[in-house]
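**Student:** The structure file entry17.txt (compact mmCIF, C-alpha atoms) is provided below.
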# COMPACT_ATOMS: atom_id res chain seq x y z
CA MET W 1 58.45 101.93 132.08
CA TYR W 2 55.50 100.42 130.27
CA VAL W 3 55.42 98.21 127.21
CA ILE W 4 52.33 98.27 125.04
CA VAL W 5 51.69 94.80 123.67
CA PRO W 6 50.17 95.05 120.20
CA GLU W 7 48.53 91.63 120.28
CA ASP W 8 46.42 90.44 123.19
CA PRO W 9 47.00 86.73 123.85
CA LEU W 10 43.43 86.43 125.11
CA ALA W 11 41.72 88.25 122.22
CA GLY W 12 40.23 85.03 120.81
CA VAL W 13 39.04 83.94 124.25
CA ALA W 14 37.48 87.36 124.82
CA ALA W 15 35.67 87.22 121.46
CA GLY W 16 34.47 83.68 122.19
CA TRP W 17 33.24 84.67 125.64
CA ARG W 18 31.36 87.67 124.21
CA ALA W 19 29.81 85.45 121.48
CA MET W 20 28.76 82.91 124.10
CA TRP W 21 26.43 85.53 125.56
CA ASP W 22 24.92 86.49 122.18
CA LEU W 23 21.71 84.48 122.28
CA SER W 24 20.87 85.32 118.67
CA ALA W 25 23.95 83.33 117.56
CA GLY W 26 22.45 80.05 118.77
CA PRO W 27 23.95 77.32 120.92
CA GLY W 28 27.37 77.29 119.20
CA GLY W 29 28.69 80.19 121.29
CA ALA W 30 29.71 78.05 124.25
CA ALA W 31 31.52 75.58 122.01
CA GLY W 32 33.35 78.45 120.31
CA PHE W 33 34.45 79.81 123.67
CA GLU W 34 35.67 76.39 124.78
CA GLN W 35 37.70 75.98 121.58
CA GLN W 36 39.32 79.40 122.02
CA ALA W 37 39.98 78.63 125.69
CA ALA W 38 41.60 75.28 124.82
CA ASP W 39 43.79 76.90 122.15
CA ALA W 40 44.90 79.67 124.52
CA LEU W 41 45.58 77.22 127.35
CA ALA W 42 47.70 75.02 125.06
CA ALA W 43 49.71 78.05 123.86
CA TRP W 44 50.17 79.27 127.44
CA ARG W 45 51.32 75.83 128.64
CA ASN W 46 53.79 75.71 125.73
CA LYS W 47 55.11 79.10 126.94
CA ARG W 48 54.18 80.91 123.72
CA PHE W 49 52.84 83.82 125.76
CA GLU W 50 52.61 85.28 129.24
CA LEU W 51 49.75 87.39 130.50
CA PRO W 52 50.51 91.10 130.53
CA ASP W 53 51.06 92.81 133.86
CA TYR W 54 47.87 94.80 133.39
CA TYR W 55 44.94 95.06 131.01
CA LEU W 56 44.19 98.69 130.25
CA VAL W 57 40.67 98.88 128.80
CA VAL W 58 39.59 101.92 126.81
CA ALA W 59 35.83 101.82 127.23
CA PRO W 60 33.63 102.60 124.23
CA PRO W 61 31.25 105.56 124.40
CA GLN W 62 28.04 104.75 126.29
CA ALA W 63 25.96 104.85 123.09
CA SER W 64 27.99 102.00 121.57
CA ALA W 65 28.26 99.72 124.59
CA ALA W 66 30.02 96.56 123.51
CA GLY W 67 28.10 94.17 125.74
CA PRO W 68 29.69 91.47 127.90
CA ASP W 69 33.42 91.97 128.35
CA LEU W 70 35.90 89.32 129.49
CA TYR W 71 38.30 91.91 130.88
CA LEU W 72 35.81 94.04 132.81
CA GLY W 73 33.85 90.99 133.95
CA PRO W 74 35.60 87.78 134.97
CA LEU W 75 39.22 88.98 134.76
CA ARG W 76 38.52 92.08 136.82
CA SER W 77 36.58 90.02 139.37
CA VAL W 78 39.61 87.76 139.87
CA ARG W 79 42.27 90.52 139.94
CA PRO W 80 40.69 93.99 140.29
CA HIS W 81 44.09 95.74 140.42
CA ARG W 82 45.24 94.13 137.16
CA VAL W 83 42.42 95.53 135.00
CA ALA W 84 42.05 99.30 134.67
CA VAL W 85 39.59 101.41 132.68
CA ALA W 86 41.02 104.44 130.91
CA GLY W 87 37.96 106.53 130.11
CA VAL W 88 36.20 106.96 126.80
CA ALA W 89 37.97 109.93 125.18
CA GLN W 90 38.83 109.72 121.50
CA GLY W 91 41.90 110.95 119.59
CA PRO W 92 44.69 113.11 121.05
CA ALA W 93 42.58 113.99 124.11
CA GLN W 94 42.84 110.34 125.09
CA VAL W 95 46.62 110.45 125.68
CA PRO W 96 46.51 112.30 129.04
CA VAL W 97 43.76 109.95 130.23
CA LEU W 98 45.88 106.92 129.35
CA VAL W 99 48.96 108.39 131.04
CA ASP W 100 46.95 109.21 134.18
CA THR W 101 45.56 105.69 134.26
CA LEU W 102 49.00 104.14 133.80
CA THR W 103 50.49 106.20 136.63
CA SER W 104 47.64 105.26 138.95
CA LEU W 105 47.95 101.47 138.49
CA GLN W 106 48.07 99.71 141.83
CA HIS W 107 50.15 96.71 142.75
CA GLY W 108 48.31 93.55 143.51
CA PRO W 109 48.66 89.80 143.34
CA TRP W 110 49.83 88.37 140.03
CA TRP W 111 47.39 86.53 137.78
CA PRO W 112 46.43 83.02 138.81
CA PRO W 113 47.23 80.23 136.33
CA LEU W 114 45.35 80.63 133.05
CA ASN W 115 43.19 77.54 133.65
CA GLU W 116 41.86 79.25 136.82
CA LEU W 117 41.07 82.43 134.88
CA LEU W 118 39.21 80.41 132.28
CA ASP W 119 37.25 78.63 135.01
CA ALA W 120 36.32 82.03 136.45
CA ALA W 121 35.07 83.10 133.02
CA ARG W 122 32.96 79.93 132.73
CA GLY W 123 31.26 80.68 136.04
CA PHE W 124 30.80 84.41 135.58
CA TYR W 125 27.33 85.67 134.72
CA ALA W 126 27.75 88.37 132.07
CA GLY W 127 24.71 90.29 133.30
CA GLY W 128 26.18 90.85 136.75
CA LEU W 129 28.69 93.33 138.02
CA ALA W 130 32.22 92.18 138.80
CA GLU W 131 31.76 93.30 142.40
CA THR W 132 28.77 90.99 142.86
CA GLN W 133 30.33 87.88 141.30
CA PRO W 134 32.20 85.28 143.34
CA ALA W 135 35.93 85.78 142.92
CA SER W 136 38.48 83.00 142.94
CA ARG W 137 41.01 82.76 145.72
CA GLY W 138 44.20 84.72 145.57
Represent the structure of the file as structure tokens.
**Tutor:**
Amino acid sequence: MYVIVPEDPLAGVAAGWRAMWDLSAGPGGAAGFEQQAADALAAWRNKRFELPDYYLVVAPPQASAAGPDLYLGPLRSVRPHRVAVAGVAQGPAQVPVLVDTLTSLQHGPWWPPLNELLDAARGFYAGGLAETQPASRG
């Protein structure tokens, strides 16, 4: 059984991390990421959310690449079996792809504490591949 969570507890952190790598936005990107990270960490410590078992990422079509991605970058480098990519299909054709991806999810270690995930994001170079980045222990 799977539960689809309509609101990602790390959405603000992901947006802040993506903005941090947008050089045209100026130097405020890192501060924005740190504020989002602090807010998420406070909410997590107050038990207002738990990380989902898995992040299932539906990749955009190649022509509209979204740029740096928190889930496919630092989170996947820390826990490769907890982040899955479910193709790029659109509309009803996407349903079988999602189901196939869900049924192929592998077990793996649970997420480390959120502060460790955020530290991994701070040290992850957005221009590199997850497989070439140093992963945290666990």
**Student:** Would you pick out the contacts of Leu75 of chain W at 8 Å or less, using only C-alpha atoms, so that residues sharing its chain but fewer than 5 positions from it are not included, and give the list as a list in words?
**Tutor:**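 Close residues of Leu75 of chain W: Leu70, Pro80, Val83, Leu117, Ala120 and Ala121 of chain W.
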**Student:** Which residue is closest to His81 of chain W? Choose from W:Ser104, W:Gln36, W:Asn115, W:Asn46 and count all atoms listed in the file.
**Tutor:** W:Ser104
**Student:** Counting all atoms listed in the file, which of W:Pro109, W:Pro6, W:Gly87, W:Gly28 gets nearest to Val57 of chain W?
**Tutor:**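 Nearest to Val57 of chain W: W:Gly87.
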**Student:** Skip Ala15 of chain W itself and residues of its chain fewer than 5 positions away, then list as a list in words all residues within 12 Å of it, counting all atoms listed in the file.
**Tutor:**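 So the residues in contact are Asp8, Pro9, Leu10, Met20, Trp21, Asp22, Gly29, Ala30, Gly32, Phe33, Glu34, Gln35, Gln36, Ala37, Ala66, Gly67, Pro68, Asp69, Leu70 and Tyr71 of chain W.
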**Student:** Separation of atom CA of Trp44 of chain W and atom CA of Ala11 of chain W, in Å?
**Tutor:** 13.4 Å
**Student:** Take atom CA of Ala19 of chain W and atom CA of Leu56 of chain W and report the distance between them in Å, one decimal.
**Tutor:**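 A separation of 21.4 Å between them.
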**Student:** I'd like to know which of W:Val58, W:Ala14, W:Leu114, W:Ala31 is closest to Val97 of chain W, using all atoms listed in the file.
**Tutor:**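 Ranking W:Val58, W:Ala14, W:Leu114, W:Ala31 by distance to Val97 of chain W, first place goes to W:Val58.
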